[in-house]
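Read the structure below first, then the notes.
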Amino acid sequence: MELELGLALPNHSANNNGFETENHKEYRQKRVFLEDHSATGVEGTTLSLLSWSGVAEMEDGVGRPPKYRKPHDDGGPRRFEGWPPTDSSPRRRRSHLTATEQVVRKSMHVKVKMEGVAIGRKVDLRDFDSYHDLTSTLMDMFAKYSKIESGEEYTLLYLDKEGDWMLVGDLDWEEFVESVRRVKMLKNDNKMGFRLLLSKN
Amino acid sequence: MDPEPKKPEDSPSNSGNSHGPVHPQSPFPDEALEKVLSFVDSHKDRSSISLVRKDWYNAERWTRSKLFIGNCYAVSPEIVAKRFRRIKSVTLKGKPRFSDFNMLPLDWGADVYPWLVMFAKVYPFLEELRLKRMTITDEGLELLAKSFPCFKALSLSSCDGFTENGLKAIASHCRNLTEVNIQDSITEDVGGGWLSCFPENFSSLEILNFSSLNGDVNFDDLERLVSRCKLLRVLKVNESITLDELQRLLVHAPRLTELGTGSFLQELTPRQYEEIETAFCNCRNLQVLSGLWEATSVYLPLLYGACASLTFLNLSVATTLQSGEFAKFLAHCPNLRCLWVSDTVEDKGLEAVGLSCPLLEELRVYPADPYDRDHLDGVTELGFLAVSRGCPKLHYVLYFCRRMTNAAVVTIVQNCPNFTHFRLCIMTPSQPDYLTNEPMDEAFGAVVKTCPKIKRLSVSGLLTDRTFEYIGKYAKDLETLSVAFAGSSDWGMQCIMEGCPKLRKLEIRDCPFGDAALLSGREKYEMMRSLWMSACSVTMKGCRLLARESPRLNVEVIREEGGNEAQALKVYVYRSVAGPRQDAPPFVLTL
């Protein structure tokens with residue numbers, strides 16, 4: 001494998017050696033090199049020196065304005081870029097969900113578990129437009145797996161974005177959809193109050 | 001640290017069989033010198049050694065096996081390849097630190113590919129590559145995977161440019177891999193499929209950290225990998241791994257010394273709870289714990305059994321943690337030396353730190369919600385004070401808060417005079433002492449006067465030139481200084497450039513420092529690694545003047561869209577023996 005010692009960037013096709021990747025990042029396609037940069041070898045350092053004399057180059061159309069990463073947090077006005085100087089990596093931003101941030105959720109799938117049924121289901125909340133719609137669909141789904149005696153009632157709980165289990169029904173449908181992460185169905189019976197308490201753990 | 005003194009048997013007058021050439025004035029033969037130097041590890045010491053005399057320079061370059069390059073543009077691959085011939089480990093750092101906060105455009109540079117091409121040619125026995133703030137593409141990872149048969153350790157810190165395809169190449173081809181360590185990855189959406197590419201007979205992994213990558217991994221493949229890598233001591237998974245999955249991993253690796261959990265939010269049956277608790281209890285060697293996304297009070301007790309030997313606890317992403325449960329948790333961690341936490345624990349939580357962690361040396365408090373300016377929660381000067389009272393060994397602090405007073409800082413440094421790293425970030429720019437409404441000058445004055453060993457300082461709040469007078473005058477060991485929204489005039493920066501003899505890195509943003517300030521440092525920049533100045537009053541003219549006067553400096557200006565042509569809004573100055581960058585994108589002008 002003949003490796004050419006160049007300080008050029010990867011779109012020097014000579015060096016690809018079949019390492020084709022789908023990683024067609026914007027910068028590699030659009031970059032324009034004014035001269036061939038290949039060095040002659042380890043000893044010889046006849047690298048062509050480019051001198052950018054500044055503004056003129058930009059006006060030639062070679063220059064293009066710099067682009068920045070999209071910020072990960074979606075909430076709150078920011079007066080100064082990069083301030084406060086806290087690392088805005090996806091790792092940090094992802095898990096912090098508060099009422100003040102507007103989180104863009106890619107999917108509305110939530111897990112649904114029914115008490116007494118080992119296997120849960122997943123539903124896409126975008127398919128529903130009201131609580132009634134959701135609950136009747138859920139009853140239909142679970143009727144297949146467990147014998148739901150007629151007249152039996154269930155209490156619906158949901159896990160909100162702050163990690164708390166809550167009773168379904170207090171919020172508007174839209175607010176509920178924003179907040180819900182998981183759903184649980186508990187059988188209504190005499191010990192309902194006690195069981196609601198236990199279910200929080 | 002001096003190199004080992006020569007042993008008497010090696011001196012020419014005693015030995016009858018010196019093999020190598022002996023220089024007329026050299027007290028001992030090259031071979032002996034090389035042998036001695038092979039014990040010297042620190043690159044700073046080696047740098048000093050190489051300056052003693054020519055034969056020491058040569059002996060040093062033949063025996064160096066670890067390369068540390070703090071600024072990838074300070075030198076070129078060619079120059080490095082000519083000087084050093086037997087390199088096994090490379091550490092390369094690229095972008096200036098402010099790139100972490102998105103202040104550098106995409107494709108600014110610091111692509112490692114040209115380096116890899118050179119290494120493939122000259123250092124075929126390369127074993128380790130450690131990159132910080134560099135771009136490494138899939139092609140780079142593929143080249144790495146295929147060019148170095150002895151390759152063992154890959155560490156990427158705050159790097160970008162790659163996808164899972166590059167990691168797949170590493171997993172598939174590197175037979176002797178002991179370390180895959182990806183921290184604070186800036187690259188989004190790296191899928192998890194690469195983890196399944198380790199061959200079935202591959203078992204040498206000791207360090208595996210993919211906590212900052214988003215993609216879901218195949219748990220079964222991960223479990224198999226962990227179970228066959230008997231030497232695994234560091235395992236940091238990502239959020240896609242659940243608690244009960246973590247339990248299964250721990251069963252295979254009870255000897256872990258560092259663990260990063262996955263998501264800590266899961267509904268557990270009593271049986272699962274017990275199993276997980278047992279698994280943690282069996283981790284008797286745990287020193288470092290991190291992860292704990294979405295950890296709530298319910299499941300923290302699961303960890304108690306693993307905390308007895310914990311020295312470093314990283315709860316910075318556990319942003320749902322509150323003070324009460326945090327305090328209870330701390331009671332189980334008596335040996336903590338280093339704690340990173342989110343400001344949701346509030347001052348009360350920090351009081352608990354002061355009470356429970358007498359051995360604490362390092363504290364970092366990160367803001368859970370940095371952009372909400374109306375948010376009044378978080379920590380204040382009271383929390384910091386409480387920690388300083390209870391933790392006399394404290395020497396490293398990073399503290400994000402919304403209010404502070406001069407008096408508090410004065411007391412804090414009196415309690416803890418050994419500060420080496422004092423990074424205080426009052427989140428509202430130019431905010432004064434909230435009780436007296438005065439500038440925060442006296443606070444930082446107290447820091448530099450009371451703490452003689454201060455090496456790194458980040459200042460914030462309302463600051464006049466007085467702060468910089470103090471720093472220039474007292475901070476004799478200061479190496480890194482970060483300044484934002486501070487100062488009154490050029491004089492402030494001049495105090496720094498004329499004082500602070502050991503200054504290496506200076507980063508400044510949004511300060512009223514202009515060309516005179518910039519030029520006041522012309523003698524100093526060659527002794528520093530770099531200077532960053534953004535949104536100050538520096539002009540293109542001033543930058544050109546500096547560039548003209550200092551041929552060994554690269555003076556780079558990043559041109560933004562639609563900016564005033566005469567202003568230099570983002571300036572990056574660094575010493576270099578490689579001349580101007582060859583790979584500068586169009587918006588980076590080297591003057």
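Labeling convention for the structure tokens: chains A, B, ... as they appear, residues from 1 per chain, ligands from 1 in order of appearance.
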- Test item: residues at most 9 Å from segment 307-309 of chain B, only C-alpha atoms, excluding those fewer than 3 positions along its chain, as a list in words: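 Contacts, with the query itself left out: Phe280, Cys281, Cys283, Arg284, Asn285, Leu286, Gln287, Val288, Leu289, Leu303, Tyr304, Phe329, Leu330, His332, Cys333, Pro334, Asn335 and Leu336 of chain B.
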- Query: Do you know which residues are at most 9 Å from segment 448-462 of chain B counting only C-alpha atoms, after dropping those on the same chain fewer than 6 positions away, and could you put them as a ChimeraX atom specification?
  - Reply: /B:395,398,403-404,410,413-414,416-433,438-441,470-471,473-487,502-503
- Task: Write out as JSON, numbers by chain the residues lying within 10 Å of Leu134 of chain A, counting only C-alpha atoms and excluding same-chain residues fewer than 4 positions away.
- Result: {"A": [123, 124, 125, 127, 128, 129, 130, 138, 139]}
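Distance annotation: of B:Val345, B:Met528, B:Ile186, B:Ala443, the residue with the minimal separation from chain A is B:Ile186; atom set is only C-alpha atoms.
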Near segment 75-85 of chain B, within 8 Å and counting only C-alpha atoms, which residues show up once chain neighbours fewer than 5 positions away are dropped, as a compact mmCIF listing (two decimals) with C-alpha atoms, in the first residue's frame?
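Once written, around.txt looks like this:
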# COMPACT_ATOMS: atom_id res chain seq x y z
CA VAL A 42 9.89 12.50 4.80
CA GLU A 43 13.14 14.26 4.01
CA THR A 45 9.57 19.33 2.73
CA ARG B 61 15.18 11.19 20.55
CA TRP B 62 16.14 7.58 20.08
CA ARG B 64 11.43 8.43 23.40
CA PRO B 114 -2.39 13.40 7.88
CA TRP B 115 -0.80 12.33 11.14
CA MET B 118 2.73 9.58 8.58
CA PHE B 119 2.51 7.23 11.54
CA VAL B 122 7.19 5.63 10.28
CA TYR B 123 5.75 4.07 13.42
CA SER B 576 4.54 26.82 15.71
CA VAL B 577 7.62 25.42 14.05
CA ALA B 578 5.55 24.20 11.15
- Straight-line distance linking atom CA of Ser99 of chain B with atom CA of Asp160 of chain B, stated in Å to one decimal: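 Atom-to-atom, atom CA of Ser99 of chain B and atom CA of Asp160 of chain B are spaced 11.2 Å apart.
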- Task: May I have all residues of segment 332-575 of chain B that DSSP, computed from the backbone, assigns to helix (DSSP H, G or I), given as a PyMOL selection string?
- Result: chain B and resi 343-356+381-390+406-415+441-450+465-474+490-498+515-520+525-527+540-549
- Nearest to Val217 of chain B, chosen from B:Cys511, B:Val409, B:Leu195, B:Leu141, with only C-alpha atoms counted in the distances: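 Of B:Cys511, B:Val409, B:Leu195, B:Leu141, the one nearest Val217 of chain B, counting only C-alpha atoms, is B:Leu195.
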- Among the residues of segment 30-279 of chain B, find those DSSP assigns to strand (DSSP E or B) from the backbone and print them as JSON, numbers by chain. {"B": [66, 67, 68, 69, 89, 90, 91, 92, 93, 111, 128, 129, 130, 131, 132, 135, 153, 154, 155, 156, 157, 160, 179, 180, 181, 182, 183, 207, 208, 209, 234, 235, 236, 258, 259, 260, 263]}
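We find atom CA of Leu144 of chain B and atom CA of Leu131 of chain B to be spaced 12.8 Å apart.
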- Message: Neighbouring residues of Lys187 of chain A were defined as those with any atom within 7 Å, considering only C-alpha atoms; residues of the same chain fewer than 2 positions away were excluded. Please report them as a PyMOL selection string.
- Response: chain A and resi 115+153-155+185+189
Within 9 Å of Arg69 of chain A, counting only C-alpha atoms, which residues show up once you throw out same-chain ones fewer than 3 positions away? Write them as a tab-separated table (two decimals) with N, CA and C atoms, in the first residue's frame, please.
chain	number	residue	atom	x	y	z
A	72	HIS	N	-27.82	21.79	21.29
A	72	HIS	CA	-28.67	20.66	21.62
A	72	HIS	C	-29.86	21.03	22.48
B	102	ASN	N	-19.02	25.33	21.30
B	102	ASN	CA	-19.55	25.63	19.98
B	102	ASN	C	-19.10	27.00	19.46
B	103	MET	N	-17.92	27.42	19.83
B	103	MET	CA	-17.47	28.73	19.35
B	103	MET	C	-16.56	28.63	18.14
B	104	LEU	N	-16.30	27.40	17.72
B	104	LEU	CA	-15.47	27.22	16.55
B	104	LEU	C	-16.36	26.66	15.45
B	105	PRO	N	-16.19	27.14	14.23
B	105	PRO	CA	-17.03	26.60	13.17
B	105	PRO	C	-16.74	25.12	12.94
B	106	LEU	N	-17.73	24.46	12.35
B	106	LEU	CA	-17.52	23.09	11.91
B	106	LEU	C	-16.39	23.11	10.89
- Task: Kindly indicate which residue among A:His132, A:Gly120, A:Met141, A:Val112 lies nearest to Tyr158 of chain A, using only C-alpha atoms for the distances.
- Result: A:Val112
- Close residues, Arg121 of chain A itself excluded, 9 Å, only C-alpha atoms, min 5 positions apart in chain, as a list in words: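 Once the adjacent positions are removed, what remains is Val110, Lys111, Val112, Lys113, Met114, Met141 and Phe142 of chain A.
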